[in-house]
Amino acid sequence: MAGGQVLIDRLLSTVIQIKASDLHITVGQPPVVRHHGRMRRLDTKSLDSDDTMGLMKAITPDRCQQELQEKGGADFAISFGDTRFRVAIFKQKGNVGMVLRRIPSQFFTFEELRMPEAIRRLIVRPRGLLLVTGPTGSGKTTSLASMINFLNENYDRHIITMEDPIEYYHTHKKSTVNQREIGVDVPNFAEGIRRALRMDPDIMLVGEMRDLETIHAAIEAAETGHVVFGTLHTSGAASTINRIIDVFPKEQQDQIRTQLSTALIGVLSQSLMPKKPEGVIAAYEMMVVTPAIQNLIRENKVYRIDSTLQTGKKEGMFLLDESLFNLWKEGLVEKEEVLLRAARPAELAARIARAERGEEEDEEEFEDEEDEEFEDDED
């Protein structure tokens with residue numbers, strides 16, 4: 001056990017020193033770090049099952065060790081010096097494995113994250129649901145933490161977060177921030193939202209909207225005069241709306257469409273990718289819910305949302321592929337990386353090829369062309 005503690009301390013110090021994002025512990029190979037998006041083995045001995053068990057026991061609270069036994073996995077967060085780590089422990093082939101993610105110790109500004117301009121307007125609205133979406137590891141938690149920190153520094157609000165686990169710690173600045181951890185302070189997200197409504201909140205953060213009960217509670221909280229931030233593992237605005245509707249039974253879907261159309265104020269989707277020469281950078285898609293988009297949601301014409309985003313530049317909207325193109329054009333990301341993440345890779349590749357030949361069309365022309373394609377899709 002003592003040996004496990006010494007080894008985990010050394011490993012975490014290494015992660016912090018080289019600014020790796022993740023540490024992977026599994027039987028049959030040395031510890032591995034993810035560094036600038038790439039997996040790298042550390043130059044040390046291969047781990048056996050006693051090693052991984054010792055490392056797990058050195059940092060895991062009893063309740064999570066019990067959950068590992070009962071459910072085969074558990075998540076929690078730890079502090080190591082001034083740095084926080086989110087930890088996932090799990091069983092594989094009967095042995096224990098772990099992944100520890102380093103949580104940046106400082107908050108990023110909107111400028112540093114290249115956050116869409118529309119976000120500043122949306123987060124100070126008096127009510128509504130704002131969703132941040134993207135696959136695991138796309139930086140959703142970091143984006144939300146920067147939004148909460150921005151509000152905390154500039155506005156007097158009561159902010160309640162429900163997180164599983166708590167990753168970034170917020171101190172009270174202009175706002176009062178209460179952070180509740182699922183499984184420690186409150187049993188689940190849905191219960192957390194219900195309780196929060198009696199706690200005079202202005203803003204609620206729901207760490208994960210993963211089931212019908214939580215989604216329903218979040219929509220209702222947003223309708224009743226609170227700002228609710230939530231996350232979903234979807235990519236893109238249109239699929240986010242479909243995902244929410246599909247969670248509900250058929251007979252409730254029309255009612256949920258109507259509720260969602262009035263509650264939703266925006267969807268920010270993001271994807272994280274390697275930045276040149278090192279580091280990572282996010283590409284975004286931004287949907288701001290306008291009366292036109294409310295109608296599309298209500299009338300079940302979600303397939304037309306992408307073309308509305310394409311032409312919604314005035315409201316601060318844009319598609320992911322637009323953001324990817326700009327990252328490539330600014331020389332921040334390799335062409336291969338942006339094409340891997342594009343929603344319409346063939347079209348983006350053609351647009352990049354035109355730009356490489358020096359015949360990039362003006363944007364209006366590009367939008368007209370896109371609109372025609374969207375109309376073709378709808379027919």
# chains A, B, ... in the order shown; residues from 1 in each chain; ligands from 1

$ residues_around --residues "Arg127 in chain A" --least-positions-apart "2" --cutoff "10 Å" --atoms "only C-alpha atoms" --output "CSV table (one decimal) with all heavy atoms, in the first residue's frame"
chain,number,residue,atom,x,y,z
A,122,LEU,N,-25.7,34.8,-24.3
A,122,LEU,CA,-26.7,33.8,-23.8
A,122,LEU,C,-26.6,33.5,-22.3
A,122,LEU,O,-27.6,33.3,-21.7
A,122,LEU,CB,-26.4,32.5,-24.6
A,122,LEU,CG,-26.8,32.5,-26.1
A,122,LEU,CD1,-26.4,31.2,-26.7
A,122,LEU,CD2,-28.2,32.8,-26.3
A,123,ILE,N,-25.4,33.5,-21.8
A,123,ILE,CA,-25.3,33.1,-20.4
A,123,ILE,C,-25.8,34.2,-19.4
A,123,ILE,O,-26.0,33.9,-18.2
A,123,ILE,CB,-23.8,32.7,-20.0
A,123,ILE,CG1,-22.8,33.8,-20.1
A,123,ILE,CG2,-23.4,31.5,-20.8
A,123,ILE,CD1,-21.4,33.5,-19.7
A,124,VAL,N,-26.0,35.4,-19.9
A,124,VAL,CA,-26.6,36.4,-19.0
A,124,VAL,C,-28.1,36.6,-19.2
A,124,VAL,O,-28.7,37.5,-18.6
A,124,VAL,CB,-25.9,37.8,-19.1
A,124,VAL,CG1,-24.4,37.6,-18.6
A,124,VAL,CG2,-25.9,38.3,-20.5
A,125,ARG,N,-28.7,35.7,-20.0
A,125,ARG,CA,-30.2,35.8,-20.2
A,125,ARG,C,-30.8,35.4,-18.8
A,125,ARG,O,-30.3,34.7,-18.0
A,125,ARG,CB,-30.6,34.7,-21.2
A,125,ARG,CG,-30.1,35.0,-22.6
A,125,ARG,CD,-31.0,35.9,-23.4
A,125,ARG,NE,-32.2,35.1,-23.8
A,125,ARG,CZ,-32.3,34.4,-25.0
A,125,ARG,NH1,-31.3,34.4,-25.8
A,125,ARG,NH2,-33.5,33.8,-25.3
A,129,LEU,N,-32.3,27.2,-21.3
A,129,LEU,CA,-31.5,26.0,-21.3
A,129,LEU,C,-30.3,26.2,-22.3
A,129,LEU,O,-30.6,26.4,-23.5
A,129,LEU,CB,-32.3,24.8,-21.6
A,129,LEU,CG,-31.6,23.4,-21.7
A,129,LEU,CD1,-30.9,23.0,-20.3
A,129,LEU,CD2,-32.5,22.3,-22.1
A,130,LEU,N,-29.1,26.1,-21.9
A,130,LEU,CA,-28.0,26.2,-22.8
A,130,LEU,C,-27.2,24.9,-22.7
A,130,LEU,O,-26.8,24.5,-21.6
A,130,LEU,CB,-27.0,27.4,-22.3
A,130,LEU,CG,-25.7,27.5,-23.2
A,130,LEU,CD1,-26.0,27.9,-24.6
A,130,LEU,CD2,-24.8,28.5,-22.5
A,202,ASP,N,-30.2,31.2,-9.3
A,202,ASP,CA,-30.3,31.9,-10.5
A,202,ASP,C,-29.9,31.0,-11.7
A,202,ASP,O,-30.4,31.0,-12.8
A,202,ASP,CB,-29.5,33.2,-10.5
A,202,ASP,CG,-29.9,34.1,-9.4
A,202,ASP,OD1,-31.1,34.6,-9.5
A,202,ASP,OD2,-29.1,34.4,-8.5
A,203,ILE,N,-28.8,30.3,-11.4
A,203,ILE,CA,-28.1,29.5,-12.5
A,203,ILE,C,-27.9,28.1,-11.9
A,203,ILE,O,-27.4,27.9,-10.8
A,203,ILE,CB,-26.8,30.1,-12.9
A,203,ILE,CG1,-27.1,31.5,-13.6
A,203,ILE,CG2,-26.0,29.2,-13.9
A,203,ILE,CD1,-26.0,32.5,-13.6
A,221,ALA,N,-37.0,23.3,-15.2
A,221,ALA,CA,-36.3,24.4,-14.5
A,221,ALA,C,-36.0,25.6,-15.4
A,221,ALA,O,-36.1,26.7,-14.9
A,221,ALA,CB,-35.0,23.8,-13.9
A,222,ALA,N,-35.6,25.3,-16.6
A,222,ALA,CA,-35.3,26.4,-17.5
A,222,ALA,C,-36.6,27.2,-17.9
A,222,ALA,O,-36.5,28.4,-18.1
A,222,ALA,CB,-34.7,25.9,-18.8
A,223,GLU,N,-37.7,26.5,-18.0
A,223,GLU,CA,-39.0,27.2,-18.3
A,223,GLU,C,-39.5,28.1,-17.1
A,223,GLU,O,-40.2,29.1,-17.4
A,223,GLU,CB,-40.1,26.1,-18.5
A,223,GLU,CG,-40.0,25.5,-19.9
A,223,GLU,CD,-41.2,24.5,-20.1
A,223,GLU,OE1,-41.5,23.7,-19.2
A,223,GLU,OE2,-41.9,24.7,-21.1
A,224,THR,N,-39.1,27.7,-15.9
A,224,THR,CA,-39.6,28.5,-14.8
A,224,THR,C,-38.7,29.6,-14.3
A,224,THR,O,-38.8,30.0,-13.1
A,224,THR,CB,-39.9,27.5,-13.6
A,224,THR,OG1,-38.7,26.8,-13.3
A,224,THR,CG2,-41.0,26.5,-13.9
A,225,GLY,N,-37.9,30.1,-15.2
A,225,GLY,CA,-37.2,31.3,-14.8
A,225,GLY,C,-35.8,31.1,-14.2
A,225,GLY,O,-35.3,31.9,-13.4
A,226,HIS,N,-35.1,30.0,-14.6
A,226,HIS,CA,-33.7,29.8,-14.2
A,226,HIS,C,-32.9,29.6,-15.5
A,226,HIS,O,-33.4,29.2,-16.5
A,226,HIS,CB,-33.6,28.6,-13.3
A,226,HIS,CG,-34.5,28.6,-12.2
A,226,HIS,ND1,-35.8,28.1,-12.2
A,226,HIS,CD2,-34.3,29.1,-10.9
A,226,HIS,CE1,-36.4,28.3,-11.0
A,226,HIS,NE2,-35.5,28.9,-10.2
A,227,VAL,N,-31.6,29.9,-15.4
A,227,VAL,CA,-30.7,29.6,-16.5
A,227,VAL,C,-30.1,28.2,-16.1
A,227,VAL,O,-29.6,28.0,-15.0
A,227,VAL,CB,-29.5,30.6,-16.6
A,227,VAL,CG1,-28.5,30.1,-17.7
A,227,VAL,CG2,-30.1,31.9,-17.0
A,228,VAL,N,-30.2,27.3,-17.0
A,228,VAL,CA,-29.7,25.9,-16.8
A,228,VAL,C,-28.7,25.6,-17.8
A,228,VAL,O,-28.9,25.7,-19.0
A,228,VAL,CB,-30.9,24.9,-16.8
A,228,VAL,CG1,-30.3,23.4,-16.6
A,228,VAL,CG2,-31.9,25.2,-15.8
A,263,ALA,N,-37.8,26.5,-24.1
A,263,ALA,CA,-36.8,26.5,-23.0
A,263,ALA,C,-35.4,26.7,-23.6
A,263,ALA,O,-34.6,27.4,-22.9
A,263,ALA,CB,-36.9,25.2,-22.2
A,264,LEU,N,-35.1,26.1,-24.7
A,264,LEU,CA,-33.7,26.1,-25.2
A,264,LEU,C,-33.3,27.5,-25.7
A,264,LEU,O,-34.1,28.1,-26.5
A,264,LEU,CB,-33.7,25.1,-26.4
A,264,LEU,CG,-32.3,24.7,-26.8
A,264,LEU,CD1,-31.5,24.0,-25.7
A,264,LEU,CD2,-32.4,23.7,-28.1
A,265,ILE,N,-32.1,27.9,-25.3
A,265,ILE,CA,-31.7,29.2,-25.8
A,265,ILE,C,-30.4,29.1,-26.7
A,265,ILE,O,-30.1,29.9,-27.6
A,265,ILE,CB,-31.4,30.3,-24.7
A,265,ILE,CG1,-30.4,29.7,-23.7
A,265,ILE,CG2,-32.7,30.7,-24.1
A,265,ILE,CD1,-29.9,30.7,-22.6

$ closest_atom_pairs --of "range 28-71 of chain A" --to "range 76-97 of chain A" --cutoff "10 Å" --atoms "only C-alpha atoms" --output "CSV"
residue,atom,partner,partner_atom,distance
A:Asp48,CA,A:Asn95,CA,9.0
A:Ser49,CA,A:Asn95,CA,6.0
A:Asp50,CA,A:Asn95,CA,9.0
A:Asp51,CA,A:Val96,CA,9.3
A:Thr52,CA,A:Val96,CA,6.0
A:Met53,CA,A:Val96,CA,6.0
A:Gly54,CA,A:Val96,CA,9.6
A:Leu55,CA,A:Val96,CA,9.4
A:Met56,CA,A:Ile89,CA,7.4
A:Ile59,CA,A:Ile78,CA,7.6
A:Thr60,CA,A:Phe76,CA,8.0
A:Pro61,CA,A:Phe76,CA,8.4
A:Cys64,CA,A:Phe76,CA,7.5
A:Gln65,CA,A:Ile89,CA,8.7
A:Glu67,CA,A:Phe90,CA,9.7
A:Leu68,CA,A:Phe90,CA,6.5
A:Gln69,CA,A:Lys91,CA,8.8
A:Lys71,CA,A:Phe90,CA,8.9

$ write_last_selection --atoms "all heavy atoms" --output "compact mmCIF listing (two decimals), in the first residue's frame"
# COMPACT_ATOMS: atom_id res chain seq x y z
N ASP A 48 2.06 -5.22 -13.08
CA ASP A 48 1.28 -6.46 -12.92
C ASP A 48 0.03 -6.16 -12.10
O ASP A 48 -0.20 -5.02 -11.69
CB ASP A 48 2.14 -7.58 -12.30
CG ASP A 48 2.65 -7.22 -10.90
OD1 ASP A 48 1.99 -6.42 -10.21
OD2 ASP A 48 3.70 -7.76 -10.49
N SER A 49 -0.78 -7.20 -11.82
CA SER A 49 -2.07 -6.95 -11.17
C SER A 49 -1.90 -6.42 -9.74
O SER A 49 -2.70 -5.60 -9.29
CB SER A 49 -2.95 -8.20 -11.18
OG SER A 49 -2.30 -9.24 -10.48
N ASP A 50 -0.82 -6.81 -9.05
CA ASP A 50 -0.58 -6.27 -7.71
C ASP A 50 -0.26 -4.78 -7.77
O ASP A 50 -0.70 -3.99 -6.92
CB ASP A 50 0.59 -7.00 -7.02
CG ASP A 50 0.21 -8.43 -6.60
OD1 ASP A 50 -1.01 -8.73 -6.61
OD2 ASP A 50 1.12 -9.23 -6.29
N ASP A 51 0.51 -4.38 -8.80
CA ASP A 51 0.85 -2.96 -8.96
C ASP A 51 -0.41 -2.11 -9.16
O ASP A 51 -0.59 -1.10 -8.50
CB ASP A 51 1.77 -2.75 -10.19
CG ASP A 51 3.11 -3.45 -10.04
OD1 ASP A 51 3.60 -3.54 -8.90
OD2 ASP A 51 3.66 -3.91 -11.06
N THR A 52 -1.26 -2.54 -10.10
CA THR A 52 -2.44 -1.71 -10.41
C THR A 52 -3.39 -1.69 -9.21
O THR A 52 -3.99 -0.66 -8.91
CB THR A 52 -3.18 -2.18 -11.68
OG1 THR A 52 -3.67 -3.50 -11.48
CG2 THR A 52 -2.28 -2.14 -12.90
N MET A 53 -3.51 -2.81 -8.50
CA MET A 53 -4.36 -2.86 -7.31
C MET A 53 -3.80 -1.91 -6.23
O MET A 53 -4.56 -1.16 -5.61
CB MET A 53 -4.43 -4.30 -6.77
CG MET A 53 -5.28 -4.45 -5.52
SD MET A 53 -7.04 -4.11 -5.80
CE MET A 53 -7.59 -5.70 -6.43
N GLY A 54 -2.49 -1.92 -6.04
CA GLY A 54 -1.86 -1.05 -5.04
C GLY A 54 -2.05 0.43 -5.38
O GLY A 54 -2.37 1.25 -4.51
N LEU A 55 -1.89 0.76 -6.67
CA LEU A 55 -2.08 2.15 -7.12
C LEU A 55 -3.53 2.59 -6.91
O LEU A 55 -3.79 3.71 -6.45
CB LEU A 55 -1.70 2.28 -8.61
CG LEU A 55 -0.21 2.17 -8.93
CD1 LEU A 55 0.00 1.98 -10.43
CD2 LEU A 55 0.54 3.41 -8.46
N MET A 56 -4.47 1.71 -7.25
CA MET A 56 -5.90 2.03 -7.08
C MET A 56 -6.21 2.27 -5.60
O MET A 56 -6.83 3.27 -5.23
CB MET A 56 -6.75 0.88 -7.64
CG MET A 56 -8.25 1.12 -7.59
SD MET A 56 -9.04 0.70 -6.01
CE MET A 56 -8.94 -1.08 -6.06
N ILE A 59 -5.36 5.68 -3.75
CA ILE A 59 -6.07 6.97 -3.98
C ILE A 59 -7.60 6.87 -3.93
O ILE A 59 -8.27 7.89 -3.96
CB ILE A 59 -5.67 7.59 -5.34
CG1 ILE A 59 -5.95 6.62 -6.50
CG2 ILE A 59 -4.22 8.04 -5.35
CD1 ILE A 59 -5.85 7.25 -7.86
N THR A 60 -8.14 5.64 -3.86
CA THR A 60 -9.59 5.49 -4.05
C THR A 60 -10.34 5.46 -2.72
O THR A 60 -10.02 4.65 -1.85
CB THR A 60 -9.88 4.19 -4.83
OG1 THR A 60 -9.15 4.22 -6.06
CG2 THR A 60 -11.36 4.04 -5.14
N PRO A 61 -11.36 6.35 -2.55
CA PRO A 61 -12.16 6.30 -1.32
C PRO A 61 -12.91 4.97 -1.20
O PRO A 61 -13.19 4.31 -2.21
CB PRO A 61 -13.15 7.46 -1.47
CG PRO A 61 -12.92 8.07 -2.80
CD PRO A 61 -11.79 7.39 -3.48
N CYS A 64 -15.97 4.19 -3.33
CA CYS A 64 -15.70 3.92 -4.75
C CYS A 64 -15.08 2.53 -4.94
O CYS A 64 -15.32 1.87 -5.95
CB CYS A 64 -14.79 4.99 -5.34
SG CYS A 64 -15.59 6.61 -5.36
N GLN A 65 -14.29 2.07 -3.94
CA GLN A 65 -13.76 0.70 -4.00
C GLN A 65 -14.92 -0.29 -3.95
O GLN A 65 -14.92 -1.31 -4.65
CB GLN A 65 -12.79 0.44 -2.85
CG GLN A 65 -11.49 1.23 -2.99
CD GLN A 65 -10.40 0.75 -2.04
OE1 GLN A 65 -10.26 -0.44 -1.80
NE2 GLN A 65 -9.61 1.69 -1.52
N GLU A 67 -18.01 0.36 -4.97
CA GLU A 67 -18.71 0.47 -6.26
C GLU A 67 -17.96 -0.32 -7.34
O GLU A 67 -18.57 -0.95 -8.21
CB GLU A 67 -18.83 1.95 -6.65
CG GLU A 67 -19.83 2.19 -7.78
CD GLU A 67 -19.96 3.67 -8.15
OE1 GLU A 67 -19.68 4.53 -7.31
OE2 GLU A 67 -20.36 3.93 -9.30
N LEU A 68 -16.62 -0.28 -7.29
CA LEU A 68 -15.80 -1.05 -8.23
C LEU A 68 -16.13 -2.55 -8.11
O LEU A 68 -16.28 -3.24 -9.12
CB LEU A 68 -14.32 -0.81 -7.96
CG LEU A 68 -13.31 -1.64 -8.76
CD1 LEU A 68 -13.33 -1.24 -10.23
CD2 LEU A 68 -11.90 -1.51 -8.21
N GLN A 69 -16.24 -3.03 -6.87
CA GLN A 69 -16.57 -4.44 -6.64
C GLN A 69 -17.96 -4.77 -7.15
O GLN A 69 -18.18 -5.79 -7.80
CB GLN A 69 -16.49 -4.79 -5.14
CG GLN A 69 -15.08 -4.77 -4.56
CD GLN A 69 -14.07 -5.54 -5.42
OE1 GLN A 69 -14.35 -6.63 -5.92
NE2 GLN A 69 -12.89 -4.95 -5.62
N LYS A 71 -20.10 -2.86 -9.26
CA LYS A 71 -20.51 -2.46 -10.62
C LYS A 71 -19.39 -2.55 -11.65
O LYS A 71 -19.60 -2.27 -12.83
CB LYS A 71 -21.06 -1.03 -10.59
CG LYS A 71 -22.32 -0.90 -9.74
CD LYS A 71 -22.92 0.48 -9.86
CE LYS A 71 -24.22 0.59 -9.08
NZ LYS A 71 -24.68 1.98 -8.98

$ atom_distance --atom1 "CA of Ser138 in chain A" --atom2 "CA of Ala74 in chain A"
20.7 Å

$ residues_around --residues "Gly139 in chain A" --least-positions-apart "2" --cutoff "8 Å" --atoms "only C-alpha atoms" --output "PDB file with all heavy atoms, in the first residue's frame"
ATOM      1  N   THR A 136     -16.850  12.531 -25.267  1.00  0.00           N
ATOM      2  CA  THR A 136     -16.037  12.555 -24.052  1.00  0.00           C
ATOM      3  C   THR A 136     -14.657  13.111 -24.376  1.00  0.00           C
ATOM      4  O   THR A 136     -14.085  12.792 -25.412  1.00  0.00           O
ATOM      5  CB  THR A 136     -15.886  11.112 -23.509  1.00  0.00           C
ATOM      6  OG1 THR A 136     -17.195  10.581 -23.343  1.00  0.00           O
ATOM      7  CG2 THR A 136     -15.177  11.101 -22.174  1.00  0.00           C
ATOM      8  N   GLY A 137     -14.154  13.979 -23.505  1.00  0.00           N
ATOM      9  CA  GLY A 137     -12.808  14.528 -23.719  1.00  0.00           C
ATOM     10  C   GLY A 137     -12.751  15.647 -24.737  1.00  0.00           C
ATOM     11  O   GLY A 137     -11.703  15.947 -25.293  1.00  0.00           O
ATOM     12  N   THR A 141     -16.363  20.273 -19.969  1.00  0.00           N
ATOM     13  CA  THR A 141     -16.242  20.690 -18.570  1.00  0.00           C
ATOM     14  C   THR A 141     -15.453  21.995 -18.465  1.00  0.00           C
ATOM     15  O   THR A 141     -15.803  22.890 -17.693  1.00  0.00           O
ATOM     16  CB  THR A 141     -15.534  19.590 -17.745  1.00  0.00           C
ATOM     17  OG1 THR A 141     -16.238  18.373 -17.945  1.00  0.00           O
ATOM     18  CG2 THR A 141     -15.515  19.916 -16.272  1.00  0.00           C
ATOM     19  N   THR A 142     -14.387  22.106 -19.264  1.00  0.00           N
ATOM     20  CA  THR A 142     -13.550  23.309 -19.248  1.00  0.00           C
ATOM     21  C   THR A 142     -14.339  24.525 -19.747  1.00  0.00           C
ATOM     22  O   THR A 142     -14.265  25.609 -19.164  1.00  0.00           O
ATOM     23  CB  THR A 142     -12.294  23.078 -20.119  1.00  0.00           C
ATOM     24  OG1 THR A 142     -11.598  21.944 -19.587  1.00  0.00           O
ATOM     25  CG2 THR A 142     -11.376  24.276 -20.118  1.00  0.00           C
ATOM     26  N   SER A 143     -15.121  24.338 -20.820  1.00  0.00           N
ATOM     27  CA  SER A 143     -15.938  25.442 -21.341  1.00  0.00           C
ATOM     28  C   SER A 143     -16.952  25.911 -20.299  1.00  0.00           C
ATOM     29  O   SER A 143     -17.118  27.109 -20.064  1.00  0.00           O
ATOM     30  CB  SER A 143     -16.682  25.012 -22.611  1.00  0.00           C
ATOM     31  OG  SER A 143     -15.769  24.778 -23.655  1.00  0.00           O
ATOM     32  N   GLN A 270     -18.722  21.045 -29.439  1.00  0.00           N
ATOM     33  CA  GLN A 270     -17.280  21.239 -29.609  1.00  0.00           C
ATOM     34  C   GLN A 270     -16.531  19.943 -29.834  1.00  0.00           C
ATOM     35  O   GLN A 270     -17.007  18.868 -29.494  1.00  0.00           O
ATOM     36  CB  GLN A 270     -16.701  22.026 -28.439  1.00  0.00           C
ATOM     37  CG  GLN A 270     -16.963  21.475 -27.065  1.00  0.00           C
ATOM     38  CD  GLN A 270     -16.444  22.445 -26.002  1.00  0.00           C
ATOM     39  OE1 GLN A 270     -17.066  23.459 -25.745  1.00  0.00           O
ATOM     40  NE2 GLN A 270     -15.316  22.128 -25.405  1.00  0.00           N
ATOM     41  N   SER A 271     -15.367  20.082 -30.455  1.00  0.00           N
ATOM     42  CA  SER A 271     -14.502  18.946 -30.746  1.00  0.00           C
ATOM     43  C   SER A 271     -13.077  19.418 -30.497  1.00  0.00           C
ATOM     44  O   SER A 271     -12.707  20.507 -30.915  1.00  0.00           O
ATOM     45  CB  SER A 271     -14.691  18.541 -32.202  1.00  0.00           C
ATOM     46  OG  SER A 271     -13.841  17.475 -32.521  1.00  0.00           O
ATOM     47  N   LEU A 272     -12.301  18.601 -29.774  1.00  0.00           N
ATOM     48  CA  LEU A 272     -10.939  19.000 -29.422  1.00  0.00           C
ATOM     49  C   LEU A 272      -9.954  18.284 -30.342  1.00  0.00           C
ATOM     50  O   LEU A 272     -10.126  17.099 -30.616  1.00  0.00           O
ATOM     51  CB  LEU A 272     -10.684  18.584 -27.957  1.00  0.00           C
ATOM     52  CG  LEU A 272      -9.753  19.433 -27.107  1.00  0.00           C
ATOM     53  CD1 LEU A 272     -10.195  20.884 -27.087  1.00  0.00           C
ATOM     54  CD2 LEU A 272      -9.703  18.892 -25.679  1.00  0.00           C
ATOM     55  N   ALA A 282      -9.980  23.789 -29.644  1.00  0.00           N
ATOM     56  CA  ALA A 282     -11.357  23.339 -29.893  1.00  0.00           C
ATOM     57  C   ALA A 282     -11.925  23.975 -31.155  1.00  0.00           C
ATOM     58  O   ALA A 282     -11.672  25.145 -31.441  1.00  0.00           O
ATOM     59  CB  ALA A 282     -12.248  23.688 -28.694  1.00  0.00           C
TER      60      ALA A 282
END

$ residues_around --residues "Glu336 in chain A" --least-positions-apart "5" --cutoff "10 Å" --atoms "only C-alpha atoms" --output "list of chain:residue names"
A:Trp328, A:Arg341, A:Ala349

$ residues_around --residues "Thr214 in chain A" --least-positions-apart "2" --cutoff "9 Å" --atoms "only C-alpha atoms" --output "list in words"
Asn188, Phe189, Ala190, Glu191, Ile193, Val206, Glu208, Met209, Arg210, Asp211, Leu212, His216, Ala217, Ala218 and Ile219 of chain A

$ closest_atom_pairs --of "range 234-269 of chain A" --to "range 112-117 of chain A" --cutoff "12 Å" --atoms "only C-alpha atoms" --output "CSV"
residue,atom,partner,partner_atom,distance
A:Gly266,CA,A:Pro116,CA,11.5
A:Val267,CA,A:Pro116,CA,11.1
A:Leu268,CA,A:Pro116,CA,8.5
A:Ser269,CA,A:Pro116,CA,10.5

$ residues_around --residues "Ile159 in chain A" --least-positions-apart "3" --cutoff "8 Å" --atoms "only C-alpha atoms" --output "compact mmCIF listing (two decimals) with N, CA and C atoms, in the first residue's frame"
# COMPACT_ATOMS: atom_id res chain seq x y z
N ILE A 148 -19.03 29.61 -15.88
CA ILE A 148 -19.38 29.82 -14.47
C ILE A 148 -18.43 30.85 -13.85
N SER A 175 -20.49 36.17 -7.18
CA SER A 175 -21.61 35.23 -7.01
C SER A 175 -21.38 34.33 -5.81
N THR A 176 -22.45 33.68 -5.37
CA THR A 176 -22.35 32.58 -4.41
C THR A 176 -22.42 31.29 -5.22
N VAL A 177 -21.40 30.43 -5.08
CA VAL A 177 -21.37 29.19 -5.87
C VAL A 177 -21.41 27.99 -4.92
N ASN A 178 -22.47 27.21 -5.01
CA ASN A 178 -22.57 25.96 -4.25
C ASN A 178 -22.42 24.80 -5.22
N PRO A 201 -32.08 29.55 -6.63
CA PRO A 201 -30.97 29.62 -7.59
C PRO A 201 -31.25 30.61 -8.71
N ASP A 202 -30.19 31.18 -9.28
CA ASP A 202 -30.32 31.91 -10.55
C ASP A 202 -29.85 31.03 -11.69
N ILE A 203 -28.78 30.29 -11.42
CA ILE A 203 -28.14 29.49 -12.48
C ILE A 203 -27.87 28.09 -11.93
N MET A 204 -28.19 27.09 -12.74
CA MET A 204 -27.89 25.71 -12.35
C MET A 204 -27.03 25.08 -13.42
N LEU A 205 -26.05 24.30 -12.98
CA LEU A 205 -25.25 23.52 -13.92
C LEU A 205 -25.55 22.05 -13.67

$ closest_residue --among "A:Asp185, A:Asp200, A:Glu213, A:Glu163" --to "Thr231 in chain A" --atoms "only C-alpha atoms"
A:Glu163

$ select_by_dssp --residues "range 119-218 of chain A" --states "strand (DSSP E)" --output "MDAnalysis selection string"
chainID A and resid 128:133 158:163 176:181 203:206
